[in-house]
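Visitor: Dropping in target_22.txt, with compact mmCIF, C-alpha atoms.
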```txt
# COMPACT_ATOMS: atom_id res chain seq x y z
CA MET Z 1 35.16 -0.15 23.94
CA ALA Z 2 37.06 2.32 21.79
CA LYS Z 3 35.95 5.93 21.92
CA ILE Z 4 35.42 7.84 18.66
CA VAL Z 5 35.47 11.62 18.43
CA PHE Z 6 34.54 13.50 15.25
CA THR Z 7 35.80 16.91 14.19
CA THR Z 8 33.49 19.77 15.04
CA ASN Z 9 33.60 20.85 11.38
CA ILE Z 10 31.52 17.88 10.32
CA GLN Z 11 28.78 18.67 12.83
CA ARG Z 12 27.14 21.43 10.79
CA HIS Z 13 26.57 18.97 7.95
CA VAL Z 14 25.68 15.85 9.88
CA VAL Z 15 25.49 15.39 13.62
CA CYS Z 16 28.24 13.03 14.79
CA PRO Z 17 28.25 12.78 18.58
CA ASP Z 18 31.10 11.10 20.38
CA ALA Z 19 30.54 7.36 20.28
CA GLU Z 20 31.84 4.12 21.70
CA ALA Z 21 32.15 0.91 19.75
CA SER Z 22 34.16 -2.28 19.82
CA GLY Z 23 36.29 -3.74 17.06
CA HIS Z 24 39.78 -4.88 16.21
CA THR Z 25 40.41 -2.36 13.44
CA VAL Z 26 39.47 1.22 12.61
CA SER Z 27 37.16 -0.13 9.92
CA GLU Z 28 35.31 -2.43 12.29
CA VAL Z 29 34.78 0.32 14.83
CA LEU Z 30 33.67 2.89 12.27
CA GLU Z 31 31.23 0.51 10.60
CA LYS Z 32 29.52 0.02 13.94
CA VAL Z 33 29.27 3.77 14.40
CA PHE Z 34 27.90 4.20 10.87
CA ALA Z 35 25.34 1.45 11.44
CA ASP Z 36 23.74 3.78 13.98
CA ASN Z 37 24.42 6.95 11.97
CA PRO Z 38 24.31 5.95 8.28
CA GLN Z 39 24.26 9.52 6.95
CA ALA Z 40 27.68 10.17 8.45
CA ARG Z 41 29.32 7.42 6.42
CA SER Z 42 29.65 9.28 3.12
CA TYR Z 43 31.07 12.33 4.89
CA VAL Z 44 34.04 10.30 6.13
CA LEU Z 45 34.44 7.54 3.53
CA ASP Z 46 34.32 7.70 -0.27
CA ASP Z 47 32.44 5.40 -2.67
CA GLN Z 48 35.09 2.70 -2.28
CA SER Z 49 34.92 2.87 1.53
CA ALA Z 50 38.35 4.47 1.66
CA LEU Z 51 39.05 7.49 3.83
CA ARG Z 52 38.22 10.71 2.02
CA LYS Z 53 41.24 12.56 0.71
CA HIS Z 54 41.03 15.43 3.16
CA ILE Z 55 40.09 13.45 6.24
CA THR Z 56 42.59 12.07 8.71
CA ILE Z 57 42.16 9.57 11.52
CA PHE Z 58 44.37 9.31 14.60
CA VAL Z 59 44.37 6.26 16.84
CA ASP Z 60 45.87 6.91 20.25
CA GLY Z 61 47.74 9.90 18.90
CA LYS Z 62 49.11 8.24 15.78
CA MET Z 63 47.86 8.89 12.26
CA ILE Z 64 46.60 5.71 10.62
CA GLY Z 65 48.68 4.16 7.85
CA ASP Z 66 46.01 2.32 5.88
CA ARG Z 67 43.67 4.92 4.41
CA THR Z 68 42.22 2.44 1.90
CA ARG Z 69 41.04 -0.45 4.06
CA LEU Z 70 41.36 1.14 7.52
CA THR Z 71 43.02 -1.96 8.94
CA ASP Z 72 45.03 -0.16 11.60
CA PRO Z 73 44.49 -2.00 14.91
CA VAL Z 74 42.57 -0.60 17.83
CA ASN Z 75 41.96 -1.93 21.31
CA GLN Z 76 39.24 -1.58 23.88
CA ALA Z 77 40.87 1.51 25.37
CA SER Z 78 41.71 3.27 22.10
CA ARG Z 79 40.67 6.81 21.38
CA ILE Z 80 39.97 7.45 17.71
CA TYR Z 81 39.85 11.00 16.38
CA VAL Z 82 38.31 11.70 12.97
CA PHE Z 83 39.70 15.06 11.82
CA GLN Z 84 39.71 17.09 8.64
CA ALA Z 85 42.97 18.02 6.98
CA LEU Z 86 43.64 21.72 6.63
CA SER Z 87 43.11 22.67 3.00
CA GLY Z 88 40.92 24.71 0.72
CA GLY Z 89 39.90 28.35 0.73
CA MET V 1 7.83 34.23 -18.23
CA THR V 2 10.23 32.86 -15.62
CA ASP V 3 10.91 35.40 -12.86
CA THR V 4 13.39 33.43 -10.76
CA LEU V 5 17.04 32.52 -11.18
CA LEU V 6 19.14 30.10 -9.15
CA ILE V 7 22.80 31.07 -8.93
CA SER V 8 25.26 28.36 -7.87
CA THR V 9 28.45 29.79 -6.43
CA ARG V 10 31.64 28.92 -4.59
CA LYS V 11 30.05 30.11 -1.36
CA GLY V 12 26.36 29.32 -1.57
CA LEU V 13 23.18 29.15 -3.63
CA PHE V 14 21.47 32.46 -4.31
CA THR V 15 17.93 33.08 -5.48
CA VAL V 16 17.47 36.09 -7.73
CA ALA V 17 13.93 37.24 -8.47
CA ARG V 18 12.29 39.90 -10.60
CA LYS V 19 10.75 42.60 -8.42
CA GLY V 20 8.89 45.07 -10.57
CA LYS V 21 11.34 45.66 -13.38
CA GLN V 22 14.41 44.98 -11.25
CA TRP V 23 16.14 41.71 -10.50
CA GLU V 24 17.47 41.33 -6.97
CA ILE V 25 18.91 38.72 -4.65
CA THR V 26 16.08 37.47 -2.47
CA ASN V 27 17.57 34.48 -0.68
CA GLY V 28 20.78 32.64 0.13
CA ASP V 29 21.01 28.92 0.92
CA PHE V 30 24.00 26.78 1.88
CA LEU V 31 25.98 29.95 2.68
CA GLY V 32 29.68 29.23 2.84
CA ASP V 33 29.35 25.98 0.94
CA ASN V 34 30.37 25.17 -2.60
CA VAL V 35 27.27 24.71 -4.79
CA SER V 36 28.19 23.34 -8.20
CA LEU V 37 24.82 23.08 -9.95
CA THR V 38 21.05 23.12 -9.56
CA LEU V 39 18.08 21.69 -11.39
CA THR V 40 14.46 22.78 -11.25
CA ASP V 41 12.26 19.92 -12.40
CA ARG V 42 9.42 21.64 -14.25
CA ARG V 43 7.28 18.50 -14.14
CA ASP V 44 6.77 18.73 -10.38
CA GLY V 45 8.51 21.91 -9.17
CA ARG V 46 11.18 20.11 -7.15
CA ARG V 47 14.58 21.71 -7.01
CA TYR V 48 17.89 19.91 -6.68
CA ALA V 49 21.19 21.38 -5.52
CA ALA V 50 24.58 19.70 -5.87
CA LEU V 51 27.14 20.56 -3.20
CA ASP V 52 30.83 19.86 -3.00
CA HIS V 53 32.00 19.97 0.58
CA GLY V 54 35.61 19.27 -0.32
CA HIS V 55 36.70 17.48 2.84
CA PHE V 56 33.39 15.72 3.23
CA GLY V 57 32.60 14.94 -0.38
CA VAL V 58 29.85 15.64 -2.88
CA LYS V 59 26.27 15.77 -1.66
CA LEU V 60 22.87 16.27 -3.25
CA HIS V 61 19.93 18.13 -1.73
CA ARG V 62 16.28 18.40 -2.79
CA SER V 63 13.78 21.10 -1.97
CA THR V 64 10.85 20.45 0.33
CA ALA V 65 8.00 22.60 1.55
CA ASN V 66 10.19 23.53 4.52
CA GLY V 67 13.58 23.98 2.94
CA TRP V 68 16.13 21.43 1.74
CA GLU V 69 16.76 17.80 2.56
CA GLU V 70 19.84 15.75 1.78
CA ILE V 71 19.11 12.87 -0.58
CA ALA V 72 21.20 10.10 -2.06
CA THR V 73 24.34 11.06 -3.93
CA PRO V 74 25.18 9.02 -7.01
CA THR V 75 27.68 6.39 -5.87
CA TYR V 76 30.18 4.48 -7.96
CA PRO V 77 30.20 0.69 -7.77
CA GLN V 78 32.86 -1.14 -5.84
CA LYS V 79 35.99 -1.51 -7.92
CA PRO V 80 36.57 -5.23 -8.63
CA GLU V 81 39.25 -6.84 -6.49
CA GLY V 82 42.63 -6.48 -8.15
CA TYR V 83 41.32 -4.21 -10.89
CA GLU V 84 43.68 -1.38 -11.73
CA GLU V 85 42.93 1.73 -13.72
CA ASN V 86 44.96 4.90 -13.83
CA ASP V 87 43.97 8.40 -14.81
CA MET V 88 45.80 10.39 -17.48
CA TRP V 89 48.39 11.40 -14.90
CA GLY V 90 49.22 7.81 -14.06
CA ARG V 91 47.53 7.93 -10.70
CA PRO V 92 44.99 5.30 -9.65
CA LEU V 93 41.53 6.40 -10.80
CA ASN V 94 39.26 6.51 -7.79
CA TRP V 95 35.77 5.22 -8.61
CA SER V 96 34.09 7.86 -6.49
CA THR V 97 31.90 10.85 -7.28
CA ALA V 98 34.25 13.82 -7.44
CA ARG V 99 31.75 16.38 -8.74
CA ILE V 100 28.18 16.55 -9.98
CA TRP V 101 28.53 18.31 -13.33
CA ALA V 102 25.16 17.70 -15.04
CA LEU V 103 21.60 17.46 -13.73
CA GLU V 104 18.67 17.13 -16.11
CA ALA V 105 15.07 16.01 -15.84
CA GLY V 106 13.84 13.04 -17.82
CA GLY V 107 10.97 13.26 -20.29
CA SER V 108 7.41 14.30 -19.59
CA ASP V 109 6.30 10.67 -19.79
CA GLU V 110 8.66 9.52 -17.03
CA PRO V 111 7.98 11.56 -13.87
CA GLY V 112 10.68 11.28 -11.26
CA VAL V 113 13.44 10.42 -13.71
CA ILE V 114 16.55 12.53 -13.20
CA TRP V 115 19.84 12.20 -15.07
CA CYS V 116 23.15 13.06 -13.40
CA GLY V 117 26.59 13.40 -14.96
CA THR V 118 29.67 13.32 -12.78
CA LEU V 119 33.43 13.42 -12.58
CA PRO V 120 35.26 11.07 -13.15
CA GLY V 121 32.82 10.11 -15.92
CA GLY V 122 29.94 8.17 -14.41
CA LEU V 123 26.42 8.74 -15.73
CA PHE V 124 23.57 8.03 -13.33
CA ARG V 125 19.79 7.78 -13.62
CA SER V 126 17.24 8.06 -10.84
CA SER V 127 13.64 6.99 -11.30
CA ASP V 128 12.48 8.19 -7.88
CA HIS V 129 13.29 11.91 -7.70
CA GLY V 130 16.85 11.27 -6.56
CA GLN V 131 16.10 8.90 -3.70
CA SER V 132 18.32 6.30 -5.36
CA TRP V 133 20.61 6.21 -8.39
CA GLU V 134 21.60 3.62 -10.95
CA MET V 135 24.89 3.92 -12.78
CA MET V 136 24.78 3.42 -16.54
CA ARG V 137 27.26 0.55 -16.46
CA THR V 138 27.28 -0.02 -20.21
CA LEU V 139 28.73 3.45 -20.64
CA TRP V 140 31.13 3.16 -17.71
CA ASP V 141 32.26 -0.27 -18.91
CA HIS V 142 32.53 0.79 -22.55
CA PRO V 143 36.13 0.17 -23.68
CA LYS V 144 36.40 3.65 -25.13
CA ARG V 145 35.47 5.25 -21.79
CA LYS V 146 39.03 4.65 -20.65
CA GLN V 147 40.16 7.02 -23.40
CA TRP V 148 38.31 9.89 -21.76
CA MET V 149 40.65 12.45 -20.25
CA GLY V 150 40.57 15.46 -18.03
CA GLY V 151 39.81 18.71 -19.75
CA GLY V 152 37.85 21.18 -17.70
CA ALA V 153 39.20 19.39 -14.64
CA ASP V 154 41.92 16.87 -13.90
CA LEU V 155 39.37 14.10 -14.30
CA PRO V 156 37.00 13.51 -17.23
CA GLY V 157 33.41 14.50 -16.64
CA ILE V 158 29.93 14.52 -18.15
CA HIS V 159 28.70 18.11 -18.24
CA SER V 160 25.85 18.01 -20.78
CA ILE V 161 22.80 15.75 -21.01
CA CYS V 162 20.07 16.20 -23.63
CA VAL V 163 16.84 14.20 -23.46
CA ASP V 164 14.77 14.12 -26.66
CA PRO V 165 11.48 15.88 -25.76
CA GLY V 166 9.65 13.61 -28.20
CA ASN V 167 11.18 10.32 -27.09
CA SER V 168 12.60 10.05 -23.58
CA LYS V 169 14.64 6.97 -24.46
CA ARG V 170 16.88 9.03 -26.72
CA VAL V 171 19.65 10.66 -24.72
CA TRP V 172 22.81 12.51 -25.68
CA ILE V 173 25.70 13.34 -23.38
CA ALA V 174 28.92 15.25 -23.83
CA VAL V 175 32.22 14.68 -22.08
CA SER V 176 35.22 16.85 -21.38
CA THR V 177 37.25 15.24 -22.78
CA GLY V 178 35.53 12.39 -24.57
CA GLY V 179 33.19 13.68 -27.28
CA VAL V 180 29.45 13.28 -27.81
CA TRP V 181 27.64 10.03 -27.00
CA PHE V 182 24.13 8.85 -27.86
CA SER V 183 21.73 6.22 -26.55
CA GLU V 184 18.41 5.41 -28.17
CA ASP V 185 17.32 2.93 -25.51
CA GLY V 186 17.36 4.92 -22.29
CA GLY V 187 21.01 4.33 -21.57
CA ALA V 188 21.28 0.58 -22.19
CA ASN V 189 23.60 1.05 -25.17
CA TRP V 190 25.82 3.93 -26.19
CA THR V 191 27.49 5.00 -29.42
CA LEU V 192 30.09 7.67 -29.99
CA ARG V 193 29.01 10.49 -32.28
CA GLY V 194 30.52 13.79 -33.31
CA GLU V 195 32.29 13.31 -36.62
CA GLY V 196 33.59 16.59 -37.92
CA MET V 197 34.82 18.13 -34.73
CA ARG V 198 38.48 19.07 -34.58
CA ALA V 199 40.95 18.92 -31.72
CA GLU V 200 43.87 21.25 -32.36
CA TYR V 201 45.53 20.12 -29.14
CA ALA V 202 45.73 16.47 -30.26
CA PRO V 203 48.43 14.93 -32.46
CA PRO V 204 47.62 14.93 -36.20
CA GLU V 205 46.48 11.30 -36.32
CA SER V 206 43.78 11.90 -33.73
CA THR V 207 42.80 15.49 -34.49
CA HIS V 208 39.47 14.38 -35.93
CA ASP V 209 38.92 11.36 -33.70
CA PRO V 210 35.50 11.87 -32.06
CA ILE V 211 36.79 10.45 -28.75
CA ALA V 212 39.49 13.15 -28.56
CA GLN V 213 37.06 16.07 -28.68
CA ASP V 214 36.91 18.43 -25.73
CA VAL V 215 33.29 19.48 -25.88
CA HIS V 216 32.79 22.33 -23.43
CA ARG V 217 29.01 22.33 -23.74
CA LEU V 218 26.37 20.58 -25.86
CA VAL V 219 22.81 21.85 -26.27
CA GLN V 220 19.88 20.70 -28.42
CA CYS V 221 16.99 22.74 -29.80
CA PRO V 222 13.83 21.28 -28.19
CA ALA V 223 11.65 22.13 -31.20
CA ALA V 224 14.12 20.80 -33.77
CA THR V 225 16.15 18.02 -32.17
CA HIS V 226 18.28 17.52 -35.26
CA ARG V 227 19.98 20.80 -34.42
CA MET V 228 22.70 20.64 -31.80
CA TRP V 229 25.24 23.31 -30.91
CA VAL V 230 28.64 22.71 -29.36
CA GLN V 231 30.99 25.14 -27.72
CA HIS V 232 34.25 23.25 -28.09
CA HIS V 233 37.76 23.84 -26.84
CA ASN V 234 38.64 24.64 -30.44
CA GLY V 235 35.64 26.72 -31.37
CA ILE V 236 31.98 26.52 -32.29
CA PHE V 237 30.43 23.52 -34.03
CA VAL V 238 26.86 22.91 -35.22
CA SER V 239 25.06 19.71 -36.18
CA SER V 240 21.99 19.23 -38.36
CA ASP V 241 21.72 15.47 -37.86
CA GLU V 242 21.40 14.95 -34.11
CA GLY V 243 25.09 15.09 -33.43
CA LYS V 244 26.22 12.49 -35.97
CA THR V 245 28.24 15.10 -37.81
CA PHE V 246 29.27 18.64 -36.99
CA SER V 247 30.42 21.62 -39.03
CA GLU V 248 32.82 24.19 -37.69
CA ILE V 249 31.81 27.82 -37.43
CA SER V 250 34.90 29.98 -37.76
CA ASP V 251 35.81 33.62 -38.25
CA VAL V 252 33.59 34.86 -35.47
CA GLU V 253 34.54 38.08 -33.69
CA PRO V 254 35.86 38.52 -31.10
CA SER V 255 36.59 34.79 -30.69
CA THR V 256 35.15 31.30 -31.01
CA PHE V 257 36.69 30.13 -27.72
CA GLY V 258 34.50 29.93 -24.66
CA PHE V 259 32.58 27.57 -22.43
CA PRO V 260 28.80 28.05 -22.58
CA VAL V 261 26.24 27.94 -25.37
CA VAL V 262 22.45 28.14 -25.28
CA VAL V 263 20.02 27.59 -28.15
CA HIS V 264 16.60 29.15 -28.59
CA PRO V 265 13.84 26.63 -27.71
CA GLY V 266 11.93 27.23 -30.93
CA GLU V 267 14.48 28.68 -33.34
CA PRO V 268 17.24 26.17 -34.05
CA ASN V 269 19.38 28.71 -35.87
CA THR V 270 19.51 31.09 -32.91
CA ALA V 271 22.21 30.51 -30.31
CA TRP V 272 24.26 32.55 -27.84
CA PHE V 273 27.90 32.28 -26.71
CA VAL V 274 30.28 34.09 -24.34
CA PRO V 275 33.72 34.35 -25.95
CA GLU V 276 37.11 34.53 -24.29
CA ILE V 277 40.34 35.31 -26.14
CA LYS V 278 41.60 31.75 -26.51
CA ASP V 279 42.39 28.63 -24.53
CA GLU V 280 45.76 29.88 -23.42
CA LYS V 281 44.33 33.29 -22.46
CA ARG V 282 40.95 32.87 -20.86
CA ILE V 283 39.75 36.43 -20.43
CA PRO V 284 37.49 38.65 -22.56
CA ARG V 285 39.28 40.35 -25.43
CA ASP V 286 40.38 43.90 -24.61
CA GLY V 287 38.76 43.62 -21.17
CA LYS V 288 35.29 43.79 -22.73
CA LEU V 289 32.70 41.24 -21.69
CA VAL V 290 30.43 40.44 -24.63
CA VAL V 291 27.82 37.89 -25.62
CA THR V 292 27.64 36.76 -29.23
CA ARG V 293 24.42 35.70 -30.95
CA THR V 294 23.65 34.11 -34.26
CA ARG V 295 20.19 34.00 -35.76
CA ASP V 296 21.08 32.24 -39.01
CA GLY V 297 22.78 29.04 -37.95
CA GLY V 298 26.23 30.58 -37.59
CA LYS V 299 26.62 32.55 -40.80
CA ASN V 300 26.49 35.88 -38.98
CA PHE V 301 26.94 36.92 -35.36
CA ASP V 302 25.86 39.94 -33.36
CA ILE V 303 28.27 41.16 -30.68
CA LEU V 304 26.07 42.18 -27.76
CA THR V 305 27.59 44.72 -25.37
CA LYS V 306 24.89 47.08 -24.10
CA GLY V 307 24.93 46.94 -20.30
CA LEU V 308 27.93 44.61 -20.08
CA PRO V 309 31.25 45.94 -18.71
CA GLN V 310 33.43 47.23 -21.52
CA SER V 311 36.55 48.19 -19.63
CA HIS V 312 38.88 46.07 -17.52
CA ALA V 313 36.42 43.19 -17.31
CA TYR V 314 38.14 39.87 -16.75
CA ASP V 315 35.04 37.82 -16.19
CA VAL V 316 35.07 34.20 -17.28
CA VAL V 317 31.68 32.58 -17.80
CA TYR V 318 31.69 28.87 -17.08
CA ARG V 319 29.82 26.31 -19.18
CA HIS V 320 26.69 26.29 -17.01
CA ALA V 321 26.66 30.01 -16.26
CA LEU V 322 24.78 31.25 -19.36
CA ALA V 323 21.05 30.60 -19.09
CA LEU V 324 18.07 31.10 -21.37
CA CYS V 325 14.49 30.99 -20.17
CA GLU V 326 12.02 28.50 -21.65
CA GLU V 327 10.36 31.18 -23.75
CA GLY V 328 13.66 32.18 -25.32
CA GLU V 329 13.46 35.86 -24.36
CA ARG V 330 15.38 36.25 -21.11
CA LEU V 331 19.04 35.44 -20.65
CA ALA V 332 21.30 35.53 -17.63
CA VAL V 333 25.09 35.45 -17.39
CA GLY V 334 27.15 34.82 -14.24
CA SER V 335 30.91 35.18 -14.03
CA THR V 336 33.87 33.92 -12.08
CA THR V 337 34.32 37.37 -10.60
CA GLY V 338 30.83 37.39 -9.14
CA GLY V 339 29.04 39.46 -11.76
CA LEU V 340 25.47 38.67 -12.75
CA TRP V 341 23.66 40.24 -15.69
CA VAL V 342 20.12 39.69 -16.99
CA SER V 343 18.71 40.49 -20.42
CA GLU V 344 15.00 40.60 -21.22
CA ASP V 345 15.40 41.17 -24.96
CA GLN V 346 17.41 38.18 -26.16
CA GLY V 347 20.70 39.84 -25.27
CA ASP V 348 20.24 43.21 -26.98
CA SER V 349 20.65 44.90 -23.59
CA TRP V 350 21.72 43.77 -20.15
CA ASP V 351 21.22 44.92 -16.56
CA CYS V 352 23.78 44.20 -13.86
CA VAL V 353 22.10 42.54 -10.91
CA THR V 354 25.26 42.43 -8.80
CA HIS V 355 29.00 42.20 -9.16
CA THR V 356 29.76 41.06 -5.64
CA LEU V 357 28.68 37.43 -5.57
CA PRO V 358 31.21 34.67 -4.98
CA PRO V 359 32.60 32.99 -8.13
CA ILE V 360 29.59 31.75 -10.10
CA TYR V 361 29.54 28.17 -11.36
CA ALA V 362 26.03 27.89 -12.75
CA VAL V 363 23.00 30.02 -13.56
CA ARG V 364 19.56 28.56 -14.22
CA PHE V 365 16.05 29.89 -14.58
CA ALA V 366 13.96 28.16 -11.91
```
Translate the structure of the given file into structure tokens.
Guide:
Amino acid sequence: MAKIVFTTNIQRHVVCPDAEASGHTVSEVLEKVFADNPQARSYVLDDQSALRKHITIFVDGKMIGDRTRLTDPVNQASRIYVFQALSGG
Amino acid sequence: MTDTLLISTRKGLFTVARKGKQWEITNGDFLGDNVSLTLTDRRDGRRYAALDHGHFGVKLHRSTANGWEEIATPTYPQKPEGYEENDMWGRPLNWSTARIWALEAGGSDEPGVIWCGTLPGGLFRSSDHGQSWEMMRTLWDHPKRKQWMGGGADLPGIHSICVDPGNSKRVWIAVSTGGVWFSEDGGANWTLRGEGMRAEYAPPESTHDPIAQDVHRLVQCPAATHRMWVQHHNGIFVSSDEGKTFSEISDVEPSTFGFPVVVHPGEPNTAWFVPEIKDEKRIPRDGKLVVTRTRDGGKNFDILTKGLPQSHAYDVVYRHALALCEEGERLAVGSTTGGLWVSEDQGDSWDCVTHTLPPIYAVRFA
């Protein structure tokens, strides 16, 4: 199963422990994680289920290309990092 | 008399309470977080706080006996497949809550009803104290809604909601930029109001078009609902027919430009404003922070200065940062430079509570 790691910055708002889930795309994996942790969903995705503007996701070290549908492929050994972009003041 | 204020700021929510004859900060919640607005529902005492976490989106919290709990945030519907809509900058308009910009309680006959206005223009209604939200689709789907534009922000937004205290089905909203809208059936149908307002920034053919009006703030006198006051991008306007038509109030010193307005709950001709020089120079004139007050429907204005900084003050007071208590005696003003002043005599004199808060977005009596 793919391993998902969330930025520490999100933890003070909603607890997002490291998780493991299976799926063929980033979207499939994340939806399984959010099924167990529904509050986390709106912190990562917007109302249209797209990645929030200031969030980034890396799959095996590469930033995903599809921020709207999250169709980037993952495999059973993938490591998925959900990070925040550096912005704001 | 209300002894508590809730101050929404860039870096937290602060409670200010009257201790003896002094007002002081007594509590801080959500420290470090961006709090855009609060609501205290006087029907049941619940408080609501809107947060904007930036990276992690807009969230809504509600008070409990033990603190705050996160509740549902108004959520936009899924955009239809293939549907395209751009904002005024030509970028795809994201149907997603970008800011909570208005929170108001429903009428006394509908406990639990809360209204919520948002950027980019969605109006929401909850009938269960914010546990769930329903978007007013007839307004969102109204053909003229696409003519709304950014004003106070890049995206259009609903910043003012007025519920008729005598008939909860009658609701007015105001949009920056998009004029004044009215529903007489609880939000099922909406009509554009606001004839008589003037948009200097629009081309001549649309100067008086009600949809082009950048209303900064709309308020209604609870005891005389025919009377509505508007602080507009172009000045001050007043209505005597529930917002159908407005008259401009001009020649007011030091200026008619500003963001907030409040109206006395029982005296429809009494209203307060906080002027800035003009739209292209948004600071107090001559570095003097003043509040203006009319008691005769806009014929004459008092310039209130006692206790307010009168030298090198560059405070801007946002549209939700001038508050009036329910009894119409106490006022509070919060500024972008972290100043907070309270008046207990309808603005004749002011006391500075602090000038070191983070930038203040909203001030409300709790």
Visitor: Taking a cut-off of 12 Å and counting only C-alpha atoms, can you build a table that, for each residue of chain Z near chain V, reports the nearest atom pair and how far apart they are in Å (one decimal), sorted by chain then residue number, as JSON lines?
Guide:
```
{"residue": "Z:Thr7", "atom": "CA", "partner": "V:Phe56", "partner_atom": "CA", "distance": 11.3}
{"residue": "Z:Asn9", "atom": "CA", "partner": "V:Phe56", "partner_atom": "CA", "distance": 9.6}
{"residue": "Z:Ile10", "atom": "CA", "partner": "V:Phe56", "partner_atom": "CA", "distance": 7.6}
{"residue": "Z:Gln11", "atom": "CA", "partner": "V:Phe56", "partner_atom": "CA", "distance": 11.1}
{"residue": "Z:Arg12", "atom": "CA", "partner": "V:Phe30", "partner_atom": "CA", "distance": 10.9}
{"residue": "Z:His13", "atom": "CA", "partner": "V:Phe56", "partner_atom": "CA", "distance": 8.9}
{"residue": "Z:Val14", "atom": "CA", "partner": "V:Glu70", "partner_atom": "CA", "distance": 10.0}
{"residue": "Z:Pro38", "atom": "CA", "partner": "V:Ala72", "partner_atom": "CA", "distance": 11.6}
{"residue": "Z:Gln39", "atom": "CA", "partner": "V:Glu70", "partner_atom": "CA", "distance": 9.2}
{"residue": "Z:Ala40", "atom": "CA", "partner": "V:Phe56", "partner_atom": "CA", "distance": 9.5}
{"residue": "Z:Arg41", "atom": "CA", "partner": "V:Phe56", "partner_atom": "CA", "distance": 9.8}
{"residue": "Z:Ser42", "atom": "CA", "partner": "V:Gly57", "partner_atom": "CA", "distance": 7.3}
{"residue": "Z:Tyr43", "atom": "CA", "partner": "V:Phe56", "partner_atom": "CA", "distance": 4.4}
{"residue": "Z:Val44", "atom": "CA", "partner": "V:Phe56", "partner_atom": "CA", "distance": 6.2}
{"residue": "Z:Leu45", "atom": "CA", "partner": "V:Phe56", "partner_atom": "CA", "distance": 8.3}
{"residue": "Z:Asp46", "atom": "CA", "partner": "V:Ser96", "partner_atom": "CA", "distance": 6.2}
{"residue": "Z:Asp47", "atom": "CA", "partner": "V:Ser96", "partner_atom": "CA", "distance": 4.8}
{"residue": "Z:Gln48", "atom": "CA", "partner": "V:Gln78", "partner_atom": "CA", "distance": 5.7}
{"residue": "Z:Ser49", "atom": "CA", "partner": "V:Gln78", "partner_atom": "CA", "distance": 8.6}
{"residue": "Z:Ala50", "atom": "CA", "partner": "V:Asn94", "partner_atom": "CA", "distance": 9.7}
{"residue": "Z:Leu51", "atom": "CA", "partner": "V:Phe56", "partner_atom": "CA", "distance": 10.0}
{"residue": "Z:Arg52", "atom": "CA", "partner": "V:His55", "partner_atom": "CA", "distance": 7.0}
{"residue": "Z:Lys53", "atom": "CA", "partner": "V:His55", "partner_atom": "CA", "distance": 7.0}
{"residue": "Z:His54", "atom": "CA", "partner": "V:His55", "partner_atom": "CA", "distance": 4.8}
{"residue": "Z:Ile55", "atom": "CA", "partner": "V:His55", "partner_atom": "CA", "distance": 6.3}
{"residue": "Z:Thr56", "atom": "CA", "partner": "V:His55", "partner_atom": "CA", "distance": 9.9}
{"residue": "Z:Thr68", "atom": "CA", "partner": "V:Asn94", "partner_atom": "CA", "distance": 10.9}
{"residue": "Z:Val82", "atom": "CA", "partner": "V:Phe56", "partner_atom": "CA", "distance": 11.6}
{"residue": "Z:Phe83", "atom": "CA", "partner": "V:His55", "partner_atom": "CA", "distance": 9.8}
{"residue": "Z:Gln84", "atom": "CA", "partner": "V:His55", "partner_atom": "CA", "distance": 6.5}
{"residue": "Z:Ala85", "atom": "CA", "partner": "V:His55", "partner_atom": "CA", "distance": 7.5}
{"residue": "Z:Leu86", "atom": "CA", "partner": "V:His55", "partner_atom": "CA", "distance": 9.0}
{"residue": "Z:Ser87", "atom": "CA", "partner": "V:His55", "partner_atom": "CA", "distance": 8.2}
{"residue": "Z:Gly88", "atom": "CA", "partner": "V:Gly54", "partner_atom": "CA", "distance": 7.7}
{"residue": "Z:Gly89", "atom": "CA", "partner": "V:Arg10", "partner_atom": "CA", "distance": 9.8}
```
Visitor: Excluding V:Ile303 and any residue of its chain fewer than 5 positions from it, enumerate the residues within 9 Å of it, using only C-alpha atoms, and give them as a PyMOL selection string.
Guide: chain V and resi 253-254+290-293
Visitor: List every protein, DNA or RNA residue that has an atom no more than 9 Å from (18.5, 31.8, -10.8) in the file's coordinate frame, counting only C-alpha atoms, and report them as a PyMOL selection string.
Guide: chain V and resi 3-8+13-17+323+332+362-366
Visitor: Considering all atoms listed in the file, can you say which of V:Glu248, V:Asp154, V:Glu267, V:Glu344 comes closest to V:Gly196?
Guide: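 Among V:Glu248, V:Asp154, V:Glu267, V:Glu344, it is V:Glu248 that comes nearest to V:Gly196.
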Visitor: Find the distance between atom CA of V:Asn167 and atom CA of V:Tyr48 and write it in Å to one decimal.
Guide: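 Between atom CA of V:Asn167 and atom CA of V:Tyr48 the gap is 23.5 Å.
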Visitor: In Å, how far is it from atom CA of V:Ala224 to atom CA of V:Gly298?
Guide: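 Computed distance, atom CA of V:Ala224 to atom CA of V:Gly298, equals 16.0 Å.
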Visitor: Tell me which protein, DNA and RNA residues are within 7 Å of Z:Ser22, counting only C-alpha atoms, leaving out same-chain ones fewer than 5 positions away, and put them as a PyMOL selection string.
Guide: chain Z and resi 1-2+29+76
Visitor: Record the distance separating atom CA of V:Thr40 and atom CA of V:Cys352, expressed in Å with one decimal.
Guide: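 Going from atom CA of V:Thr40 over to atom CA of V:Cys352, I get 23.5 Å.
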Visitor: Work out where the centre of an axis-aligned box around every listed atom of stretch 20-28 of chain Z lies and how long its edges are once 6 Å is added on each side; give both in Å to one decimal as lines of an AutoDock Vina configuration file.
Guide:
```
center_x = 36.1
center_y = -0.4
center_z = 15.8
size_x = 20.6
size_y = 21.0
size_z = 23.8
```
